Amino acid sequence: MVFSVCAIAAAKPTSGVVFDASKGVAGSVTMPNGEIVNYTAYTNLYYVTNVEDSTYQYMNVFIPESADQSTPIFMPNYVGGYMAAEPRFIDAGDASGRALAEGYVVVIPGARGRNSVVKGENGKDIYTGRAPKALLDLKAGIRYLRHFDKEMLGNAEIIITDGTSAGGAMSALLGATGNNPSYEKYLKEMGAFDERDDIFAAVCFCPIIDLEHADAAYEWLYSCTNNITRPLSEEQVQVSKELSLQYPAYLNSLNLKMQDGTPINSENYLDYIKSLLIKSAQEAKDNGAEIPDSIGFSFNNRAIFAPPINGGEKPKRAKRPRPMGMPKMQGEYITGLDINKYLNYVVSVTPLKTPPAFDSQGVAGSRASGENEEFGNEKGSSVNFTDYSLQKASGDANAHISPEIAELVRLMNPMNFISDTNSNVAPHWYIRHGSKDRDTAFSVPINLATKLQNEGKDVNFKLAWNRPHSGDYALNEMFGWIKLILGE
Ligand code: DHB
């Protein structure tokens, strides 16, 4: 019998965490090309024994007909804005449907987030998903897959996670923090299985990570647009300047290297960004995209095939002026980029966040951001998570964030775990950030990709041409890469 599993309401968790292979429900999805993909669905699989929020702490599993024990597992999450995500069903129009059509087992976990609440005894909201709980939920889901690997089709040793933005951060965290003991006590408390939680590959679209340095990164990159394309108050300009000055020391502390071994530092970093933008634009141009002259790129002269005529003599005709309205012909090759012009173009497409872009609460007239909420507590507080913003907001130049908040911030940043010998870092990474995505500075995903490369990981990274803040695009490219890492 084939029927839609979408109508099944979320069941309350039973005691004990189980998987019963005989409880699958047949379903099918029709792909945009008309292909019908049949699957067996297992829904409402609670992955911890101490379920705090039954709306989110379970997952749905979809096993295509072709699957066996060796089939890789594709695990997208739908976390956005650090908010909670309910487990979803297969969507023919996104990466979940495509993964199923490619023959992969698809696991869609839910995760608590900064906005998830349950009612307490006194009727008051208890916030269930503040940092690092979304990550813990996803880790618990992975441990569930490992625990039931023999009972369930699919190979839990080949898990490929996927997410966008805050969900991209989750995917990056899963990739960087595999089996790291820093999370152990929390996972135990939740009743997660005592299993490994490292993964095979992480697909990360525009990951919003490195939150403790993201404000400085943003101003270091974009302060050249202040009061040109980015209107700011005097106080905000001052904050922008101060934050921007913090970033070079951090960049230098990373000790990153280009692929040819050249050290990357605050002096040559802008050139590094430029080279990645040029590479992105050139690839798009080679594939037929039109790159406007007005956004900062320069091009070689038009390559004209000019056979010698009249025995090599110059033609006598006077050079004709370009007719009115005809665009100047562009050469095939990009030869340079005026980065300030380009950044002002990015800002003109989507206005920037005001400084500070992330830890904004109480600074230069700004309210709390989603990130301020993320580091808040179960009562729903919003807190500063950098010394800089805390000092500005409190007026106390000696204030420091508490060790508890500092630990939460550490746990939510994959950059802290890539070189940690206690982590089993995923060997394969696919990282994309749009060339006009201004939700975080370009240097944030670039640092992630470069650090991973420098640690010897297999990294496929691009500033994807003309993409805004978005994810799961260019699925042919993405699934082509997945086939490659699987040796298919
Ligand atoms: C997301 C976007 C942001 O700009 C941000 O600060 C955090 C999360 C998102 O789209 O998930």
# chains A, B, ... in the order shown; residues from 1 in each chain; ligands from 1
>>> closest_atom_pairs(of="chain A", to="ligand 1", cutoff="6 Å", atoms="only C-alpha atoms and all ligand atoms", output="tab-separated table")
residue	atom	partner	partner_atom_place_in_ligand_line	distance
A:Gly80	CA	ligand 1	11 (O)	3.5
A:Gly81	CA	ligand 1	11 (O)	3.3
A:Tyr82	CA	ligand 1	8 (C)	5.7
A:Ser165	CA	ligand 1	11 (O)	4.2
A:Ala166	CA	ligand 1	11 (O)	3.9
A:Ile208	CA	ligand 1	7 (C)	5.8
A:Asp439	CA	ligand 1	4 (O)	4.3
>>> closest_residue(among="A:Lys241, A:Ile63, A:Arg130, A:Gly163", to="Ser381 (chain A)", atoms="only C-alpha atoms")
A:Arg130
>>> residues_around(residues="Ser66 (chain A)", least_positions_apart="2", cutoff="9 Å", atoms="only C-alpha atoms", output="number ranges by chain")
A: 39, 63-64, 68, 71, 103-104
>>> closest_residue(among="A:Leu256, A:Ala397, A:Asn300, A:Gly365", to="Thr450 (chain A)", atoms="only C-alpha atoms")
A:Leu256
>>> atom_distance(atom1="CA of Val459 (chain A)", atom2="CA of Ala217 (chain A)")
22.1 Å
>>> residues_around(residues="Tyr430 (chain A)", least_positions_apart="5", cutoff="7 Å", atoms="only C-alpha atoms", output="JSON, numbers by chain")
{"A": [202, 203, 204, 459, 460, 461]}
>>> write_last_selection(atoms="all heavy atoms", output="PDB file, in the first residue's frame")
ATOM      1  N   ALA A 202      30.614  16.894   5.312  1.00  0.00           N
ATOM      2  CA  ALA A 202      29.734  18.010   5.695  1.00  0.00           C
ATOM      3  C   ALA A 202      29.530  18.927   4.497  1.00  0.00           C
ATOM      4  O   ALA A 202      30.497  19.397   3.896  1.00  0.00           O
ATOM      5  CB  ALA A 202      30.348  18.792   6.853  1.00  0.00           C
ATOM      6  N   VAL A 203      28.268  19.137   4.156  1.00  0.00           N
ATOM      7  CA  VAL A 203      27.919  20.115   3.131  1.00  0.00           C
ATOM      8  C   VAL A 203      27.418  21.348   3.879  1.00  0.00           C
ATOM      9  O   VAL A 203      26.471  21.258   4.660  1.00  0.00           O
ATOM     10  CB  VAL A 203      26.827  19.562   2.187  1.00  0.00           C
ATOM     11  CG1 VAL A 203      26.357  20.635   1.224  1.00  0.00           C
ATOM     12  CG2 VAL A 203      27.326  18.330   1.437  1.00  0.00           C
ATOM     13  N   CYS A 204      28.090  22.473   3.663  1.00  0.00           N
ATOM     14  CA  CYS A 204      27.772  23.682   4.436  1.00  0.00           C
ATOM     15  C   CYS A 204      27.536  24.847   3.476  1.00  0.00           C
ATOM     16  O   CYS A 204      28.464  25.301   2.813  1.00  0.00           O
ATOM     17  CB  CYS A 204      28.920  24.059   5.359  1.00  0.00           C
ATOM     18  SG  CYS A 204      29.629  22.686   6.284  1.00  0.00           S
ATOM     19  N   VAL A 459      38.582  19.530   0.660  1.00  0.00           N
ATOM     20  CA  VAL A 459      37.639  20.662   0.734  1.00  0.00           C
ATOM     21  C   VAL A 459      37.307  21.164  -0.665  1.00  0.00           C
ATOM     22  O   VAL A 459      38.199  21.505  -1.444  1.00  0.00           O
ATOM     23  CB  VAL A 459      38.244  21.839   1.544  1.00  0.00           C
ATOM     24  CG1 VAL A 459      37.228  22.973   1.680  1.00  0.00           C
ATOM     25  CG2 VAL A 459      38.693  21.380   2.922  1.00  0.00           C
ATOM     26  N   ASN A 460      36.022  21.216  -0.954  1.00  0.00           N
ATOM     27  CA  ASN A 460      35.558  21.822  -2.200  1.00  0.00           C
ATOM     28  C   ASN A 460      34.859  23.125  -1.809  1.00  0.00           C
ATOM     29  O   ASN A 460      33.775  23.108  -1.253  1.00  0.00           O
ATOM     30  CB  ASN A 460      34.592  20.864  -2.899  1.00  0.00           C
ATOM     31  CG  ASN A 460      34.159  21.389  -4.257  1.00  0.00           C
ATOM     32  OD1 ASN A 460      33.766  22.545  -4.385  1.00  0.00           O
ATOM     33  ND2 ASN A 460      34.236  20.553  -5.263  1.00  0.00           N
ATOM     34  N   PHE A 461      35.537  24.242  -2.068  1.00  0.00           N
ATOM     35  CA  PHE A 461      35.019  25.538  -1.606  1.00  0.00           C
ATOM     36  C   PHE A 461      34.910  26.517  -2.760  1.00  0.00           C
ATOM     37  O   PHE A 461      35.781  26.582  -3.626  1.00  0.00           O
ATOM     38  CB  PHE A 461      35.950  26.140  -0.548  1.00  0.00           C
ATOM     39  CG  PHE A 461      35.574  27.555  -0.178  1.00  0.00           C
ATOM     40  CD1 PHE A 461      34.385  27.807   0.484  1.00  0.00           C
ATOM     41  CD2 PHE A 461      36.385  28.630  -0.512  1.00  0.00           C
ATOM     42  CE1 PHE A 461      34.006  29.111   0.809  1.00  0.00           C
ATOM     43  CE2 PHE A 461      36.024  29.939  -0.189  1.00  0.00           C
ATOM     44  CZ  PHE A 461      34.832  30.172   0.482  1.00  0.00           C
TER      45      PHE A 461
END
>>> select_by_dssp(residues="region 189-283 of chain A", states="strand (DSSP E or B)", output="VMD selection string")
chain A and resid 201 to 205 226 230 257 263
>>> write_last_selection(atoms="N, CA, C and O atoms", output="mmCIF file, in the first residue's frame")
data_model
loop_
_atom_site.group_PDB
_atom_site.id
_atom_site.type_symbol
_atom_site.label_atom_id
_atom_site.label_comp_id
_atom_site.auth_asym_id
_atom_site.auth_seq_id
_atom_site.Cartn_x
_atom_site.Cartn_y
_atom_site.Cartn_z
ATOM 1 N N ALA A 201 31.093 13.362 5.773
ATOM 2 C CA ALA A 201 31.204 14.585 4.961
ATOM 3 C C ALA A 201 30.219 15.629 5.442
ATOM 4 O O ALA A 201 29.130 15.296 5.924
ATOM 5 N N ALA A 202 30.614 16.894 5.312
ATOM 6 C CA ALA A 202 29.734 18.010 5.695
ATOM 7 C C ALA A 202 29.530 18.927 4.497
ATOM 8 O O ALA A 202 30.497 19.397 3.896
ATOM 9 N N VAL A 203 28.268 19.137 4.156
ATOM 10 C CA VAL A 203 27.919 20.115 3.131
ATOM 11 C C VAL A 203 27.418 21.348 3.879
ATOM 12 O O VAL A 203 26.471 21.258 4.660
ATOM 13 N N CYS A 204 28.090 22.473 3.663
ATOM 14 C CA CYS A 204 27.772 23.682 4.436
ATOM 15 C C CYS A 204 27.536 24.847 3.476
ATOM 16 O O CYS A 204 28.464 25.301 2.813
ATOM 17 N N PHE A 205 26.306 25.322 3.418
ATOM 18 C CA PHE A 205 26.012 26.527 2.638
ATOM 19 C C PHE A 205 25.998 27.722 3.576
ATOM 20 O O PHE A 205 25.348 27.702 4.624
ATOM 21 N N ASN A 226 31.022 52.434 4.707
ATOM 22 C CA ASN A 226 30.342 53.290 5.690
ATOM 23 C C ASN A 226 30.043 54.662 5.110
ATOM 24 O O ASN A 226 30.939 55.340 4.588
ATOM 25 N N ARG A 230 26.280 52.485 2.930
ATOM 26 C CA ARG A 230 25.777 52.007 4.224
ATOM 27 C C ARG A 230 25.612 53.194 5.171
ATOM 28 O O ARG A 230 26.598 53.678 5.745
ATOM 29 N N LYS A 257 47.399 29.181 5.415
ATOM 30 C CA LYS A 257 48.280 29.144 4.238
ATOM 31 C C LYS A 257 47.451 28.926 2.983
ATOM 32 O O LYS A 257 46.435 28.218 3.025
ATOM 33 N N PRO A 263 51.993 31.968 3.171
ATOM 34 C CA PRO A 263 51.278 32.350 4.393
ATOM 35 C C PRO A 263 50.224 33.429 4.104
ATOM 36 O O PRO A 263 50.464 34.338 3.313
#
>>> closest_atom_pairs(of="region 216-289 of chain A", to="region 352-364 of chain A", cutoff="6 Å", atoms="only C-alpha atoms", output="JSON lines")
{"residue": "A:Glu235", "atom": "CA", "partner": "A:Ala364", "partner_atom": "CA", "distance": 5.9}
{"residue": "A:Gln236", "atom": "CA", "partner": "A:Ala364", "partner_atom": "CA", "distance": 5.7}
{"residue": "A:Ser240", "atom": "CA", "partner": "A:Pro355", "partner_atom": "CA", "distance": 5.7}
>>> residues_around(residues="Gly110 (chain A)", least_positions_apart="6", cutoff="8 Å", atoms="only C-alpha atoms", output="PyMOL selection string")
chain A and resi 56-59+77-78+84-88+137-138
>>> residues_around(residues="Asn179 (chain A)", least_positions_apart="4", cutoff="6 Å", atoms="only C-alpha atoms", output="JSON, numbers by chain")
{"A": [196, 197, 198, 423]}
>>> write_last_selection(atoms="N, CA, C and O atoms", output="short mmCIF file (atom, residue, chain, number, x, y, z; two decimals), in the first residue's frame")
data_model
loop_
_atom_site.label_atom_id
_atom_site.label_comp_id
_atom_site.auth_asym_id
_atom_site.auth_seq_id
_atom_site.Cartn_x
_atom_site.Cartn_y
_atom_site.Cartn_z
N ARG A 196 29.62 6.68 18.70
CA ARG A 196 30.38 7.74 18.02
C ARG A 196 29.43 8.68 17.29
O ARG A 196 28.35 8.28 16.86
N ASP A 197 29.85 9.94 17.13
CA ASP A 197 29.01 10.87 16.35
C ASP A 197 29.82 11.61 15.28
O ASP A 197 29.42 12.68 14.83
N ASP A 198 30.93 11.01 14.84
CA ASP A 198 31.66 11.64 13.73
C ASP A 198 30.96 11.30 12.42
O ASP A 198 30.21 10.33 12.32
N SER A 423 38.98 15.64 18.40
CA SER A 423 37.88 15.58 17.44
C SER A 423 38.24 14.62 16.31
O SER A 423 39.39 14.58 15.89
#
>>> select_by_dssp(residues="region 23-117 of chain A", states="helix (DSSP H, G or I)", output="ChimeraX atom specification")
/A:23,95-101
>>> residues_around(residues="Pro414 (chain A)", least_positions_apart="6", cutoff="8 Å", atoms="only C-alpha atoms", output="PyMOL selection string")
chain A and resi 169+172-173+176-177+209-210
>>> closest_residue(among="A:His469, A:Lys341, A:Lys451, A:Lys185", to="Thr229 (chain A)", atoms="only C-alpha atoms")
A:Lys341
>>> closest_residue(among="A:Pro403, A:Gly24, A:Pro248, A:Gly16", to="Asp387 (chain A)", atoms="only C-alpha atoms")
A:Pro403
>>> closest_residue(among="A:Met152, A:Ile160, A:Ala289, A:Val444", to="Gly175 (chain A)", atoms="only C-alpha atoms")
A:Ile160
>>> closest_residue(among="A:Thr225, A:Ser70, A:Gln453, A:Ser366", to="Tyr345 (chain A)", atoms="only C-alpha atoms")
A:Thr225
